[in-house]
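Some notes on the structure that comes next.
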Amino acid sequence: MSTLAPPRGLITARPGFGSILHAEWVKLRTVRSTWWTLMALVVVGAGLTTLICALNAEWLASPEADESPGSFITFGMMLAPAAAVVLGVLTVTAEYGSGMIRSSFAAVPSRARVFTAKAVLLAAVLFVVGTATALLGYVGGNAFLEAEGIGVGLEGDVLRSMFGSGLYLAGLGVLAVAVGFLVRHTAGAVTILLTALFVLPTMVMLVPGETGQWINKLLPSNTGGSIAAPVMFNPNLLDPWVGFAVFLAEVAVVVALAGVMLRRRDA
Amino acid sequence: MIQARHLTKRYGATTAVDAVDFTVEPGRVTGFLGPNGAGKSTTMRMILGLDAPTSGSVTVNGHAYADTGAPLREIGALLDADAVHPGRTARDHLRWLAVSNRIPQRRVDEVIGLVGLEKVAGRRVGAYSLGMGQRLGIAAALLGDPGTVVLDEPVNGLDPEGIRWVRELARQLAAEGRTVFVSSHLMSEMALMADHLIVIGRGTILADTSMTDFMAHHAASHVRLRSPQSREVAALLSGRGFAVTELDDEVRVIGADAAAVGELVCSHGLLLHELTLVRSSLEDAFMTLTAEAVEYHSTEGVAA
């Protein structure tokens, strides 16, 4: 048995936030689920957009088309949120599921810093991957639109929807991390988020009158999603940037709640 | 050094740890012994700041765990062998731990070598046996070369060679002047590993003593006598102030010297068929001590 070589107790300075962020990055890239989820995001986000544009280009170019080609150029990105929330949830709940969260908090006793590092990392990764995926879908889909002479320029609302997709997914990543810390269980957290993003919007349609309209306006899929859409389908929704500000406020509420619970509960 | 002061943890109506006071000193192996559910793991989680005490406090080197600069350099812990993501390799697990506390990456390979996982360090932890998982947990505990090492049930799942290795490692760490705190529910294991013993049962400290003192006090021996004149023998011995118990076919003299008992009986011309010094094992001593404090008793006589 060899002895323990290095001298003890020489460096006790608190590691900076950069070290914690770096550690979270090592964690994120060393499990396969990260790569599977991101691959799903790209394949669905860019692939579906390209496919839909390819199938509809001819019709969109014809006189009977009653929709603008712009609304097809981010089609696949409507499903990308599912992959984003799964990734965000897993970075937290996989740790609770395996008991690794205790290793994490033993290594970094400040839970707020662990939470922040995970949230910042998810936001950064999802912004980059989200924007790149939207652009990839644009390039693929627009090739078919251009072939029919109805290509859309990468400018104005279309350009905004590209990095808007990145921003929306980044916000969802932070939301998913927070829900992960609240629920601590993969299936539970994913179910809650997918219900909120994909099921609630259709159910809210059954709520009549102005109440229904307001609830619809405030659903995170609409407040946050508008910024990722080049063309507004629904005139009753908030403007993209106003909506995004409301979305960030909604995320902040959940983050604050998760932060309080994280401080109170035993790991 | 670890110090607990009136450390208490309640879960609803259940008190897992009840106002315990103890100090774990450097330079020796302190065994933390108790039956399952006695509060060992809860105490260890509170040391690491994972569970918050209901009241009281526990400090490492005089401060709360959370106030440690780079905790892995000050206190290394094995809490659960499975506190690792099953999809990550052992090397990657140690790598992120090292990064989080600014421990040089070369140290990762050092501890992998130290625990003997070189050949499997690139494999996903999910495929590890219980023993390999324990070794990885110990590697993680030693990663920051900490002055304090806390090991919760480190020999669980290890083969005899591994158990001996942990024992020697704990002793070596203590010999290097570190504070070593090792929990176990096995008295026999503690007897071989620990210099000092803290016994816990139902959340309270039942004994806090050196191993030598514990053996002397709790592993009480008795002299067993068999005689056709057992009544006379018992009367004689109790008359001389010995602690005597009469059973069906034997007389027990507790805490006595066998030779003295034999000579006394002989000098009074009484017959003896048997004179035996019966040493109670440490396991028995531990059972006796914690008998009241065990949470789950098995019903005797169901299985022979």
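Chain identifiers are assigned as A, B, and so on, following the order in which chains appear in the structure tokens; residues are numbered from 1 within each chain, and ligands are numbered from 1 in order of appearance.
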Distance table requested - range 97-192 of chain A against range 101-110 of chain B, cut-off 12 Å, only C-alpha atoms: one row per qualifying residue with the closest atom pair and its distance in Å to one decimal, ordered by chain and rising residue number, as a tab-separated table.
```
residue	atom	partner	partner_atom	distance
A:Ser104	CA	B:Asn101	CA	11.0
A:Phe105	CA	B:Asn101	CA	11.8
A:Ala106	CA	B:Asn101	CA	10.6
A:Ala107	CA	B:Asn101	CA	6.9
A:Val108	CA	B:Asn101	CA	7.9
A:Pro109	CA	B:Asn101	CA	11.0
```
For those residues, write N, CA and C atoms to a file as a tab-separated table (two decimals), in the first residue's frame.
```
chain	number	residue	atom	x	y	z
A	104	SER	N	-22.17	15.79	-4.05
A	104	SER	CA	-22.12	17.15	-4.56
A	104	SER	C	-22.11	18.18	-3.44
A	105	PHE	N	-23.00	17.99	-2.45
A	105	PHE	CA	-23.08	18.97	-1.37
A	105	PHE	C	-21.94	18.79	-0.37
A	106	ALA	N	-21.35	17.61	-0.32
A	106	ALA	CA	-20.17	17.44	0.53
A	106	ALA	C	-18.98	18.17	-0.11
A	107	ALA	N	-18.90	18.13	-1.43
A	107	ALA	CA	-17.80	18.79	-2.13
A	107	ALA	C	-18.01	20.31	-2.16
A	108	VAL	N	-19.25	20.71	-2.32
A	108	VAL	CA	-19.58	22.15	-2.36
A	108	VAL	C	-20.74	22.39	-1.37
A	109	PRO	N	-20.42	22.74	-0.14
A	109	PRO	CA	-21.47	22.85	0.88
A	109	PRO	C	-22.51	23.94	0.60
```
- Once you count only C-alpha atoms, which residues of chain B turn out to be within 8 Å of chain A? Could you give them as number ranges by chain? B: 48-52, 65-66, 68-74, 80, 82-89, 92-93, 95-97, 99-102, 114, 145-147
- Message: For a test of reading the model, state the distance in Å between CA of Gly162 in chain B and CA of Ile47 in chain B, rounded to one decimal.
- Response: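 That distance, rounded to one decimal, is 26.1 Å.
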- Interatomic distance (Å, one decimal) between CA of Val233 in chain B and CA of Ala285 in chain B: 27.5 Å
- Near-Glu153 in chain B list (7 Å; only C-alpha atoms; drop same-chain fewer than 4 positions) as a list in words: Val182, Ser183 and Ser184 of chain B
Residue subset to file, keeping C-alpha atoms, as a CSV table (one decimal), in the first residue's frame:
```
chain,number,residue,atom,x,y,z
B,182,VAL,CA,-15.3,4.9,11.3
B,183,SER,CA,-18.8,3.5,11.8
B,184,SER,CA,-19.8,-0.1,11.9
```
- Tell me which of A:Val254, A:Gly209, A:Val42, A:Trp59 sits closest to Leu172 in chain A, counting only C-alpha atoms. A:Val254
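Contact shell of Met190 in chain B at 10 Å (only C-alpha atoms; same-chain neighbours under 6 positions omitted): Val29, Thr30, Gly31, Phe32, Leu33, Arg167, Val182, Ser183, Ser184, His196, Leu197, Met211 and Leu282 of chain B.
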Please report as a tab-separated table every residue of range 63-125 of chain B lying within 10 Å of range 1-4 of chain B, along with the nearest atom pair and their distance in Å (one decimal), using only C-alpha atoms.
```
residue	atom	partner	partner_atom	distance
B:His63	CA	B:Ile2	CA	9.3
B:Ala64	CA	B:Ile2	CA	9.9
B:Ile75	CA	B:Met1	CA	9.8
```
